[in-house]
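With PDB, C-alpha atoms inside, this is run32.pdb:
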```pdb
ATOM      1  CA  MET A   1     -18.373  27.563 -40.226
ATOM      2  CA  VAL A   2     -21.791  27.933 -41.911
ATOM      3  CA  CYS A   3     -20.610  30.947 -43.955
ATOM      4  CA  ALA A   4     -17.457  29.099 -45.023
ATOM      5  CA  ALA A   5     -19.463  26.051 -46.122
ATOM      6  CA  ALA A   6     -21.850  28.283 -48.103
ATOM      7  CA  ALA A   7     -18.911  29.994 -49.815
ATOM      8  CA  ILE A   8     -17.446  26.640 -50.827
ATOM      9  CA  ASP A   9     -20.826  25.569 -52.221
ATOM     10  CA  ASP A  10     -21.103  28.779 -54.272
ATOM     11  CA  LEU A  11     -17.610  28.369 -55.712
ATOM     12  CA  LEU A  12     -18.199  24.726 -56.591
ATOM     13  CA  ARG A  13     -21.471  25.653 -58.273
ATOM     14  CA  ALA A  14     -19.735  28.307 -60.363
ATOM     15  CA  ALA A  15     -17.050  25.821 -61.334
ATOM     16  CA  GLY A  16     -19.787  23.405 -62.421
ATOM     17  CA  HIS A  17     -21.299  25.994 -64.784
ATOM     18  CA  MET A  18     -17.905  26.612 -66.409
ATOM     19  CA  ARG A  19     -17.357  22.874 -66.902
ATOM     20  CA  LYS A  20     -20.706  22.524 -68.684
ATOM     21  CA  ARG A  21     -19.826  25.349 -71.084
ATOM     22  CA  SER A  22     -16.444  23.716 -71.744
ATOM     23  CA  GLN A  23     -18.049  20.335 -72.458
ATOM     24  CA  GLU A  24     -20.583  21.919 -74.820
ATOM     25  CA  SER A  25     -17.744  23.496 -76.815
ATOM     26  CA  GLY A  26     -16.191  20.063 -77.427
ATOM     27  CA  ALA A  27     -13.026  20.674 -75.374
ATOM     28  CA  ARG A  28     -11.057  17.745 -73.920
ATOM     29  CA  SER A  29     -11.988  16.756 -70.370
ATOM     30  CA  ARG A  30      -9.755  18.173 -67.669
ATOM     31  CA  VAL A  31      -9.054  15.600 -64.966
ATOM     32  CA  LEU A  32      -7.742  15.847 -61.419
ATOM     33  CA  VAL A  33      -6.389  12.567 -59.978
ATOM     34  CA  LEU A  34      -6.000  12.033 -56.227
ATOM     35  CA  VAL A  35      -4.197   8.891 -55.044
ATOM     36  CA  ASP A  36      -4.344   7.174 -51.655
ATOM     37  CA  GLU A  37      -0.822   5.729 -51.948
ATOM     38  CA  SER A  38      -1.086   3.170 -49.170
ATOM     39  CA  ASN A  39      -4.407   1.817 -50.439
ATOM     40  CA  VAL A  40      -3.386   1.351 -54.075
ATOM     41  CA  SER A  41       0.089   0.026 -53.186
ATOM     42  CA  SER A  42      -1.476  -2.554 -50.897
ATOM     43  CA  SER A  43      -3.907  -3.599 -53.649
ATOM     44  CA  VAL A  44      -1.225  -4.196 -56.248
ATOM     45  CA  ARG A  45       0.989  -6.120 -53.816
ATOM     46  CA  THR A  46      -1.833  -8.559 -53.063
ATOM     47  CA  VAL A  47      -1.653  -9.735 -56.688
ATOM     48  CA  GLY A  48       2.130 -10.093 -56.540
ATOM     49  CA  ARG A  49       3.011  -7.082 -58.678
ATOM     50  CA  GLY A  50       5.095  -3.965 -58.276
ATOM     51  CA  LEU A  51       3.302  -0.666 -58.870
ATOM     52  CA  ASP A  52       4.353   1.144 -62.055
ATOM     53  CA  TRP A  53       3.411   4.742 -61.333
ATOM     54  CA  LEU A  54       4.047   6.035 -64.846
ATOM     55  CA  LYS A  55       1.793   3.388 -66.383
ATOM     56  CA  LEU A  56      -0.891   4.178 -63.824
ATOM     57  CA  ARG A  57      -0.813   7.862 -64.719
ATOM     58  CA  ASP A  58      -0.983   7.196 -68.469
ATOM     59  CA  PHE A  59      -3.810   4.710 -67.971
ATOM     60  CA  LEU A  60      -5.954   7.209 -66.077
ATOM     61  CA  ALA A  61      -5.243  10.395 -68.021
ATOM     62  CA  GLY A  62      -2.567   9.799 -70.622
ATOM     63  CA  PRO A  63      -2.372  10.976 -74.240
ATOM     64  CA  ASN A  64      -4.621   8.132 -75.453
ATOM     65  CA  THR A  65      -7.467   8.789 -73.008
ATOM     66  CA  ALA A  66      -8.883  11.965 -74.629
ATOM     67  CA  ARG A  67      -8.318  13.665 -71.293
ATOM     68  CA  ASP A  68      -5.983  16.388 -70.105
ATOM     69  CA  LEU A  69      -4.377  15.742 -66.732
ATOM     70  CA  ILE A  70      -4.431  18.836 -64.537
ATOM     71  CA  GLU A  71      -2.526  17.247 -61.670
ATOM     72  CA  MET A  72      -1.946  13.836 -60.119
ATOM     73  CA  VAL A  73      -1.598  14.218 -56.364
ATOM     74  CA  VAL A  74      -0.240  11.329 -54.279
ATOM     75  CA  TYR A  75      -0.945  11.234 -50.528
ATOM     76  CA  ALA A  76       1.649   9.223 -48.604
ATOM     77  CA  GLY A  77       2.257   8.539 -44.927
ATOM     78  CA  LEU A  78       5.830   8.631 -43.634
ATOM     79  CA  PRO A  79       7.292   6.544 -40.801
ATOM     80  CA  PRO A  80       7.606   8.430 -37.492
ATOM     81  CA  ALA A  81      10.426  10.977 -37.249
ATOM     82  CA  ILE A  82      12.219   9.061 -34.507
ATOM     83  CA  SER A  83      15.532   7.222 -34.501
ATOM     84  CA  THR A  84      14.077   3.704 -34.511
ATOM     85  CA  TRP A  85      12.270   4.457 -37.767
ATOM     86  CA  GLN A  86      15.018   6.477 -39.473
ATOM     87  CA  GLU A  87      16.120   3.840 -41.989
ATOM     88  CA  GLU A  88      12.547   3.203 -43.082
ATOM     89  CA  ARG A  89      11.845   6.941 -43.219
ATOM     90  CA  ASP A  90      14.894   7.545 -45.430
ATOM     91  CA  ARG A  91      13.742   4.807 -47.789
ATOM     92  CA  LYS A  92      10.238   6.265 -48.034
ATOM     93  CA  ASN A  93      11.630   9.758 -48.613
ATOM     94  CA  LYS A  94      13.667   8.450 -51.557
ATOM     95  CA  PHE A  95      10.464   7.050 -53.029
ATOM     96  CA  VAL A  96       8.712  10.418 -52.513
ATOM     97  CA  HIS A  97      11.631  12.181 -54.211
ATOM     98  CA  TRP A  98      11.307   9.812 -57.195
ATOM     99  CA  LEU A  99       7.604  10.643 -57.527
ATOM    100  CA  ARG A 100       8.244  14.393 -57.435
ATOM    101  CA  SER A 101      11.087  14.083 -59.936
ATOM    102  CA  ASN A 102       8.659  12.415 -62.344
ATOM    103  CA  GLY A 103       6.015  15.118 -62.221
ATOM    104  CA  PHE A 104       3.737  13.888 -59.438
ATOM    105  CA  MET A 105       2.566  16.253 -56.733
ATOM    106  CA  VAL A 106       3.143  14.563 -53.366
ATOM    107  CA  VAL A 107       1.558  15.385 -50.006
ATOM    108  CA  THR A 108       3.070  13.607 -46.988
ATOM    109  CA  LYS A 109       2.115  13.196 -43.373
ATOM    110  CA  ASP A 110       4.373  12.071 -40.518
ATOM    111  CA  GLY A 111       3.185   8.887 -38.900
ATOM    112  CA  ALA A 112       2.966   8.098 -35.217
ATOM    113  CA  PRO A 113       3.805   4.825 -33.442
ATOM    114  CA  ALA A 114       0.747   2.647 -33.013
ATOM    115  CA  GLU A 115       0.537  -0.851 -31.590
ATOM    116  CA  GLU A 116       3.814  -2.704 -31.204
ATOM    117  CA  GLY A 117       5.612  -3.044 -34.515
ATOM    118  CA  HIS A 118       3.456  -0.633 -36.523
ATOM    119  CA  TYR A 119       2.844   3.038 -37.198
ATOM    120  CA  LYS A 120      -0.185   5.007 -38.329
ATOM    121  CA  ALA A 121      -0.291   7.900 -40.796
ATOM    122  CA  ASN A 122      -3.869   8.541 -41.891
ATOM    123  CA  VAL A 123      -4.031  10.921 -44.874
ATOM    124  CA  ASP A 124      -7.780  10.629 -45.540
ATOM    125  CA  VAL A 125      -8.725  14.023 -44.099
ATOM    126  CA  MET A 126      -5.956  15.809 -46.012
ATOM    127  CA  MET A 127      -7.014  14.149 -49.241
ATOM    128  CA  ALA A 128     -10.691  15.043 -48.758
ATOM    129  CA  ILE A 129      -9.987  18.698 -47.945
ATOM    130  CA  ASP A 130      -7.646  19.031 -50.915
ATOM    131  CA  ALA A 131     -10.230  17.447 -53.219
ATOM    132  CA  LEU A 132     -12.665  20.255 -52.397
ATOM    133  CA  GLU A 133     -10.122  23.075 -52.501
ATOM    134  CA  LEU A 134      -8.415  21.920 -55.697
ATOM    135  CA  SER A 135     -11.780  21.423 -57.393
ATOM    136  CA  ILE A 136     -12.574  25.070 -56.659
ATOM    137  CA  GLU A 137      -9.177  26.339 -57.808
ATOM    138  CA  MET A 138      -8.526  24.060 -60.796
ATOM    139  CA  ARG A 139     -12.134  23.489 -61.941
ATOM    140  CA  PRO A 140     -11.758  19.950 -63.313
ATOM    141  CA  ASP A 141     -14.406  18.218 -65.410
ATOM    142  CA  ALA A 142     -13.800  15.042 -63.418
ATOM    143  CA  VAL A 143     -12.050  13.916 -60.255
ATOM    144  CA  ILE A 144     -10.576  10.411 -60.111
ATOM    145  CA  LEU A 145     -10.110   8.986 -56.616
ATOM    146  CA  VAL A 146      -7.551   6.171 -56.689
ATOM    147  CA  THR A 147      -8.635   4.294 -53.590
ATOM    148  CA  GLY A 148     -11.074   1.671 -52.419
ATOM    149  CA  ASP A 149     -11.596   3.213 -48.983
ATOM    150  CA  ALA A 150     -15.309   3.652 -48.248
ATOM    151  CA  ASP A 151     -14.507   6.687 -46.081
ATOM    152  CA  PHE A 152     -14.312   8.730 -49.303
ATOM    153  CA  ALA A 153     -17.949   8.031 -50.218
ATOM    154  CA  TYR A 154     -19.254  11.300 -48.769
ATOM    155  CA  LEU A 155     -16.541  13.248 -50.601
ATOM    156  CA  ALA A 156     -17.694  11.678 -53.878
ATOM    157  CA  ILE A 157     -21.311  12.647 -53.164
ATOM    158  CA  LYS A 158     -20.325  16.193 -52.195
ATOM    159  CA  LEU A 159     -18.431  16.711 -55.452
ATOM    160  CA  ARG A 160     -21.253  15.229 -57.544
ATOM    161  CA  ARG A 161     -23.766  17.585 -55.971
ATOM    162  CA  HIS A 162     -21.874  20.404 -57.628
ATOM    163  CA  GLY A 163     -21.680  18.928 -61.089
ATOM    164  CA  ILE A 164     -18.251  17.345 -60.822
ATOM    165  CA  ARG A 165     -17.994  13.848 -62.238
ATOM    166  CA  VAL A 166     -16.377  11.438 -59.785
ATOM    167  CA  GLU A 167     -14.688   8.214 -60.812
ATOM    168  CA  VAL A 168     -13.109   5.689 -58.467
ATOM    169  CA  ALA A 169     -10.102   3.656 -59.627
ATOM    170  CA  SER A 170      -9.552   0.429 -57.719
ATOM    171  CA  VAL A 171      -9.908  -3.346 -57.885
ATOM    172  CA  ALA A 172     -13.116  -5.127 -56.954
ATOM    173  CA  ALA A 173     -11.589  -6.938 -53.974
ATOM    174  CA  ASN A 174     -10.438  -3.659 -52.430
ATOM    175  CA  LEU A 175     -13.417  -1.431 -53.274
ATOM    176  CA  GLY A 176     -16.015  -0.705 -50.611
ATOM    177  CA  HIS A 177     -19.637  -1.037 -51.731
ATOM    178  CA  ILE A 178     -20.534   2.389 -50.319
ATOM    179  CA  LEU A 179     -17.819   4.121 -52.329
ATOM    180  CA  ARG A 180     -18.768   2.190 -55.475
ATOM    181  CA  SER A 181     -22.361   3.420 -55.154
ATOM    182  CA  ALA A 182     -21.314   7.021 -54.429
ATOM    183  CA  ALA A 183     -19.228   7.472 -57.608
ATOM    184  CA  ASN A 184     -20.412   8.137 -61.162
ATOM    185  CA  ASP A 185     -18.265   5.335 -62.479
ATOM    186  CA  VAL A 186     -15.634   2.784 -61.431
ATOM    187  CA  ILE A 187     -12.332   2.262 -63.236
ATOM    188  CA  ASP A 188     -11.203  -1.346 -62.811
ATOM    189  CA  LEU A 189      -7.435  -1.497 -62.336
ATOM    190  CA  SER A 190      -7.219  -5.307 -62.434
ATOM    191  CA  GLY A 191      -6.218  -5.469 -66.097
ATOM    192  CA  LEU A 192      -3.612  -2.752 -65.661
ATOM    193  CA  PHE A 193      -2.123  -4.479 -62.622
ATOM    194  CA  ARG A 194      -1.566  -7.626 -64.690
ATOM    195  CA  THR A 195       0.782  -5.667 -66.962
ATOM    196  CA  PHE A 196       3.039  -4.681 -64.053
ATOM    197  CA  GLU A 197       6.227  -6.511 -63.174
ATOM    198  CA  MET A 198       5.885  -9.598 -61.005
ATOM    199  CA  ILE A 199       7.435  -9.543 -57.550
ATOM    200  CA  ASN A 200       7.965 -12.160 -54.877
ATOM    201  CA  ALA A 201       5.603 -10.990 -52.145
ATOM    202  CA  ARG A 202       7.436 -13.120 -49.586
ATOM    203  CA  GLU A 203      10.842 -11.750 -50.468
ATOM    204  CA  PRO A 204      12.433  -9.825 -47.549
ATOM    205  CA  GLY A 205      11.243  -6.264 -47.772
ATOM    206  CA  ARG A 206       8.133  -7.189 -49.792
ATOM    207  CA  THR A 207       5.754  -7.923 -46.949
ATOM    208  CA  PRO A 208       2.340  -6.509 -47.942
ATOM    209  CA  LEU A 209       1.277  -3.462 -45.938
ATOM    210  CA  GLY A 210      -2.179  -2.124 -45.253
ATOM    211  CA  ASP A 211      -4.000   1.014 -44.089
ATOM    212  CA  GLN A 212      -0.937   3.219 -43.790
ATOM    213  CA  ALA A 213       0.688   0.763 -41.360
ATOM    214  CA  ALA A 214       4.126  -0.829 -41.512
ATOM    215  CA  ARG A 215       6.328  -3.027 -39.402
ATOM    216  CA  LEU A 216       8.747  -1.582 -36.915
ATOM    217  CA  PRO A 217      12.444  -1.755 -37.916
ATOM    218  CA  ALA A 218      14.000  -5.072 -36.983
ATOM    219  CA  ARG A 219      15.510  -5.445 -33.558
ATOM    220  CA  ALA A 220      18.962  -6.958 -33.012
ATOM    221  CA  GLY A 221      18.778 -10.613 -34.000
ATOM    222  CA  ASP A 222      15.907 -10.206 -36.471
ATOM    223  CA  ALA A 223      16.589 -11.554 -39.964
ATOM    224  CA  GLN A 224      15.645  -8.558 -42.121
ATOM    225  CA  VAL A 225      14.165  -5.076 -41.958
ATOM    226  CA  THR A 226      10.745  -4.860 -43.581
ATOM    227  CA  LYS A 227      10.549  -2.102 -46.183
ATOM    228  CA  VAL A 228       7.859   0.521 -45.878
ATOM    229  CA  GLN A 229       7.498   1.161 -49.605
ATOM    230  CA  ASP A 230       8.440  -0.906 -52.619
ATOM    231  CA  ALA A 231      10.513   0.975 -55.170
ATOM    232  CA  PRO A 232       8.682   1.812 -58.414
ATOM    233  CA  ALA A 233       8.530  -1.196 -60.726
ATOM    234  CA  GLN A 234      10.521   0.470 -63.468
ATOM    235  CA  VAL A 235      13.305   1.207 -60.996
ATOM    236  CA  SER A 236      13.314  -1.867 -58.789
ATOM    237  CA  HIS A 237      13.940  -4.423 -61.549
ATOM    238  CA  HIS A 238      17.435  -3.021 -62.186
ATOM    239  CA  ARG A 239      18.847  -4.820 -59.149
ATOM    240  CA  THR A 240      21.786  -6.932 -60.238
ATOM    241  CA  HIS A 241      22.408  -9.071 -57.190
ATOM    242  CA  GLN A 242      21.230  -9.905 -53.709
ATOM    243  CA  GLN A 243      23.272 -10.416 -50.599
ATOM    244  CA  PRO A 244      23.702 -14.119 -49.771
ATOM    245  CA  ARG A 245      21.792 -15.374 -46.763
ATOM    246  CA  ARG A 246      23.756 -16.497 -43.728
ATOM    247  CA  ARG A 247      23.105 -20.019 -42.505
ATOM    248  CA  PRO A 248      21.996 -19.851 -38.866
ATOM    249  CA  ARG A 249      23.920 -21.935 -36.345
ATOM    250  CA  PHE A 250      20.719 -22.872 -34.582
ATOM    251  CA  ARG A 251      16.977 -22.785 -35.281
ATOM    252  CA  ALA A 252      15.580 -19.343 -34.469
ATOM    253  CA  LYS A 253      12.384 -19.114 -32.471
ATOM    254  CA  GLN A 254       9.601 -17.448 -34.485
ATOM    255  CA  SER A 255       8.005 -14.285 -33.145
ATOM    256  CA  ALA A 256       4.278 -13.578 -33.067
ATOM    257  CA  ASP A 257       4.606 -11.799 -36.450
ATOM    258  CA  GLY A 258       6.219 -14.829 -38.029
ATOM    259  CA  VAL A 259       9.542 -12.973 -38.657
TER     260      VAL A 259
END
```
Using structure tokens, write down the structure that the file contains.
Amino acid sequence: MVCAAAAIDDLLRAAGHMRKRSQESGARSRVLVLVDESNVSSSVRTVGRGLDWLKLRDFLAGPNTARDLIEMVVYAGLPPAISTWQEERDRKNKFVHWLRSNGFMVVTKDGAPAEEGHYKANVDVMMAIDALELSIEMRPDAVILVTGDADFAYLAIKLRRHGIRVEVASVAANLGHILRSAANDVIDLSGLFRTFEMINAREPGRTPLGDQAARLPARAGDAQVTKVQDAPAQVSHHRTHQQPRRRPRFRAKQSADGV
């Protein structure tokens, strides 16, 4: 383990020297973007907007940013691979397919049932390991972490120790103080979020999610199934109609989740 860590340090150091030579020659900055999908999706839903992934990519490293995007990697948790979650899993897989079809690199992890009505699919470790490995292989001038999770603070410090600029893209309300202090700079996404399409956060299927968790598929008698992932904003607004709601014959008793 010690030898492996030393080898990683040597490779990162070499990559840092090459970046300095590139910067001195006036070349455009090469940027690697890593996205904690659950964290950023939760942030944008709290302000009543749908996430426009193409706008997000252009904002961080588009043609007008004087930066060249090496890769934008999205880390997403999937519902458990069991029958009770199949509908939600199919919906999330369609979203993942859309991302890949639009040039994003996507890394997924199967979730596991957690407390009643939720699942857990923590991708933090995968994202941290990839950040180190991809920095060695791709040699970016900067790494942008699209997350507000303070657990990534040590990753930011580790990359900075080897001459890699680290920027964190998030909103103030969702950005941990430790992560803010660990990065070279913070990219405020609040203004960008305000340009995204408005959604009704209380609409069925729009219940805000957090920390890679989602509701369990509705049982018989429940009103609606809660969606795991909102469709991309530029896709979702093409809906032409909604199914009419049925009038209940009696007042339904609310569950603990308020469904």
Handout entry: Selection near Pro79 in chain A, 9 Å with all atoms listed in the file, sequence-local residues under 6 positions removed, as an NGL selection string
Key = :A and (85-86 or 88-90 or 92 or 109-113 or 119-121 or 213-214 or 228)
Can you write out the residues you just picked, keeping C-alpha atoms, as a compact mmCIF listing (two decimals), in the coordinates of the input?
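Saved file result03.txt follows:
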```txt
# COMPACT_ATOMS: atom_id res chain seq x y z
CA TRP A 85 12.27 4.46 -37.77
CA GLN A 86 15.02 6.48 -39.47
CA GLU A 88 12.55 3.20 -43.08
CA ARG A 89 11.84 6.94 -43.22
CA ASP A 90 14.89 7.54 -45.43
CA LYS A 92 10.24 6.26 -48.03
CA LYS A 109 2.12 13.20 -43.37
CA ASP A 110 4.37 12.07 -40.52
CA GLY A 111 3.18 8.89 -38.90
CA ALA A 112 2.97 8.10 -35.22
CA PRO A 113 3.80 4.82 -33.44
CA TYR A 119 2.84 3.04 -37.20
CA LYS A 120 -0.18 5.01 -38.33
CA ALA A 121 -0.29 7.90 -40.80
CA ALA A 213 0.69 0.76 -41.36
CA ALA A 214 4.13 -0.83 -41.51
CA VAL A 228 7.86 0.52 -45.88
```
Practice task
Quick one: everything within 7 Å of range 67-70 of chain A, counting all atoms listed in the file, minus sequence neighbours fewer than 6 positions away in the same chain. Send it as a PyMOL selection string.
Solution key: chain A and resi 28-32+61
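A straight line drawn from CA of Arg194 in chain A to CA of Arg57 in chain A is 15.5 Å long.
You will find CA of Val74 in chain A at 24.4 Å from CA of Arg161 in chain A.
CA of Arg45 in chain A lies 26.8 Å from CA of Pro63 in chain A.
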Exercise for the section: Taking the file as shown, find all residues satisfying the PyMOL selection byres ((chain A and resi 76) around 12) and write them as a ChimeraX atom specification. Expected result: /A:34-41,73-75,77-79,89,92-93,95-97,99,104-111,120-124,126-127,211-213,228-229
Handout entry: Chain and number of each residue from the PyMOL selection byres ((chain A and resi 186) around 9), as an MDAnalysis selection string
Key = chainID A and resid 166:170 180 183:185 187:188
Take the residues just selected and output them with C-alpha atoms as a compact mmCIF listing (two decimals), in the frame of the given file.
```txt
# COMPACT_ATOMS: atom_id res chain seq x y z
CA VAL A 166 -16.38 11.44 -59.78
CA GLU A 167 -14.69 8.21 -60.81
CA VAL A 168 -13.11 5.69 -58.47
CA ALA A 169 -10.10 3.66 -59.63
CA SER A 170 -9.55 0.43 -57.72
CA ARG A 180 -18.77 2.19 -55.48
CA ALA A 183 -19.23 7.47 -57.61
CA ASN A 184 -20.41 8.14 -61.16
CA ASP A 185 -18.26 5.34 -62.48
CA ILE A 187 -12.33 2.26 -63.24
CA ASP A 188 -11.20 -1.35 -62.81
```
Practice task
Mind checking which residues fall within 10 Å of Arg49 in chain A, counting only C-alpha atoms, ignoring those fewer than 3 positions away in the same chain, and posting them as a list in words?
Solution key: Ser41, Ser43, Val44, Arg45, Thr46, Asp52, Phe193, Arg194, Thr195, Phe196, Glu197, Met198, Ile199, Asn200, Ala201 and Ala233 of chain A
Problem - Option closest in space to Ile164 in chain A, from A:Ile136, A:Val47, A:Val125, A:Leu179 [counting all atoms listed in the file] - result: A:Ile136
Practice task
Go through A:Ala150, A:Glu133, A:Leu60, A:Glu71 one by one, measure the shortest atom-to-atom distance of each to Ser181 in chain A using all atoms listed in the file, and give the residue with the smallest value.
Solution key: A:Ala150
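Comparing the minimum interatomic distances between Lys158 in chain A and each of A:Leu132, A:Ala66, A:Ala173, A:Leu192, counting all atoms listed in the file, we find that A:Leu132 sits nearest.
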Neighbours of Ala182 in chain A within 12 Å (all atoms listed in the file; same-chain residues fewer than 6 positions away dropped), as a PDB file with C-alpha atoms, in the frame of the given file?
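Contents of the output file selection_8.pdb:
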```
ATOM      1  CA  LEU A 145     -10.110   8.986 -56.616  1.00  0.00           C
ATOM      2  CA  GLY A 148     -11.074   1.671 -52.419  1.00  0.00           C
ATOM      3  CA  ASP A 149     -11.596   3.213 -48.983  1.00  0.00           C
ATOM      4  CA  ALA A 150     -15.309   3.652 -48.248  1.00  0.00           C
ATOM      5  CA  ASP A 151     -14.507   6.687 -46.081  1.00  0.00           C
ATOM      6  CA  PHE A 152     -14.312   8.730 -49.303  1.00  0.00           C
ATOM      7  CA  ALA A 153     -17.949   8.031 -50.218  1.00  0.00           C
ATOM      8  CA  TYR A 154     -19.254  11.300 -48.769  1.00  0.00           C
ATOM      9  CA  LEU A 155     -16.541  13.248 -50.601  1.00  0.00           C
ATOM     10  CA  ALA A 156     -17.694  11.678 -53.878  1.00  0.00           C
ATOM     11  CA  ILE A 157     -21.311  12.647 -53.164  1.00  0.00           C
ATOM     12  CA  LYS A 158     -20.325  16.193 -52.195  1.00  0.00           C
ATOM     13  CA  LEU A 159     -18.431  16.711 -55.452  1.00  0.00           C
ATOM     14  CA  ARG A 160     -21.253  15.229 -57.544  1.00  0.00           C
ATOM     15  CA  ARG A 161     -23.766  17.585 -55.971  1.00  0.00           C
ATOM     16  CA  ARG A 165     -17.994  13.848 -62.238  1.00  0.00           C
ATOM     17  CA  VAL A 166     -16.377  11.438 -59.785  1.00  0.00           C
ATOM     18  CA  GLU A 167     -14.688   8.214 -60.812  1.00  0.00           C
ATOM     19  CA  VAL A 168     -13.109   5.689 -58.467  1.00  0.00           C
ATOM     20  CA  LEU A 175     -13.417  -1.431 -53.274  1.00  0.00           C
ATOM     21  CA  GLY A 176     -16.015  -0.705 -50.611  1.00  0.00           C
TER      22      GLY A 176
END
```
Could I see range 145-163 of chain A restored to N, CA and C atoms, set down as a short mmCIF file (atom, residue, chain, number, x, y, z; two decimals), keeping the file's coordinate frame?
```cif
data_model
loop_
_atom_site.label_atom_id
_atom_site.label_comp_id
_atom_site.auth_asym_id
_atom_site.auth_seq_id
_atom_site.Cartn_x
_atom_site.Cartn_y
_atom_site.Cartn_z
N LEU A 145 -10.62 9.37 -57.93
CA LEU A 145 -10.11 8.99 -56.62
C LEU A 145 -9.51 7.59 -56.73
N VAL A 146 -8.22 7.47 -56.59
CA VAL A 146 -7.55 6.17 -56.69
C VAL A 146 -7.47 5.58 -55.29
N THR A 147 -8.50 4.89 -54.92
CA THR A 147 -8.64 4.29 -53.59
C THR A 147 -9.86 3.39 -53.57
N GLY A 148 -9.89 2.49 -52.60
CA GLY A 148 -11.07 1.67 -52.42
C GLY A 148 -11.70 1.92 -51.06
N ASP A 149 -11.17 2.91 -50.35
CA ASP A 149 -11.60 3.21 -48.98
C ASP A 149 -12.99 3.83 -48.97
N ALA A 150 -13.92 3.19 -48.31
CA ALA A 150 -15.31 3.65 -48.25
C ALA A 150 -15.46 4.98 -47.53
N ASP A 151 -14.44 5.41 -46.78
CA ASP A 151 -14.51 6.69 -46.08
C ASP A 151 -14.61 7.87 -47.05
N PHE A 152 -14.26 7.65 -48.31
CA PHE A 152 -14.31 8.73 -49.30
C PHE A 152 -15.67 8.83 -49.99
N ALA A 153 -16.63 8.02 -49.58
CA ALA A 153 -17.95 8.03 -50.22
C ALA A 153 -18.63 9.39 -50.10
N TYR A 154 -18.59 10.01 -48.92
CA TYR A 154 -19.25 11.30 -48.77
C TYR A 154 -18.58 12.38 -49.61
N LEU A 155 -17.26 12.31 -49.74
CA LEU A 155 -16.54 13.25 -50.60
C LEU A 155 -17.05 13.12 -52.04
N ALA A 156 -17.21 11.89 -52.52
CA ALA A 156 -17.69 11.68 -53.88
C ALA A 156 -19.08 12.29 -54.06
N ILE A 157 -19.95 12.09 -53.09
CA ILE A 157 -21.31 12.65 -53.16
C ILE A 157 -21.28 14.17 -53.15
N LYS A 158 -20.44 14.74 -52.30
CA LYS A 158 -20.32 16.19 -52.20
C LYS A 158 -19.89 16.81 -53.52
N LEU A 159 -18.90 16.20 -54.17
CA LEU A 159 -18.43 16.71 -55.45
C LEU A 159 -19.50 16.57 -56.54
N ARG A 160 -20.22 15.45 -56.53
CA ARG A 160 -21.25 15.23 -57.54
C ARG A 160 -22.41 16.21 -57.40
N ARG A 161 -22.68 16.62 -56.19
CA ARG A 161 -23.77 17.58 -55.97
C ARG A 161 -23.50 18.91 -56.68
N HIS A 162 -22.24 19.16 -56.99
CA HIS A 162 -21.87 20.40 -57.63
C HIS A 162 -21.43 20.20 -59.07
N GLY A 163 -21.90 19.14 -59.67
CA GLY A 163 -21.68 18.93 -61.09
C GLY A 163 -20.33 18.39 -61.47
#
```
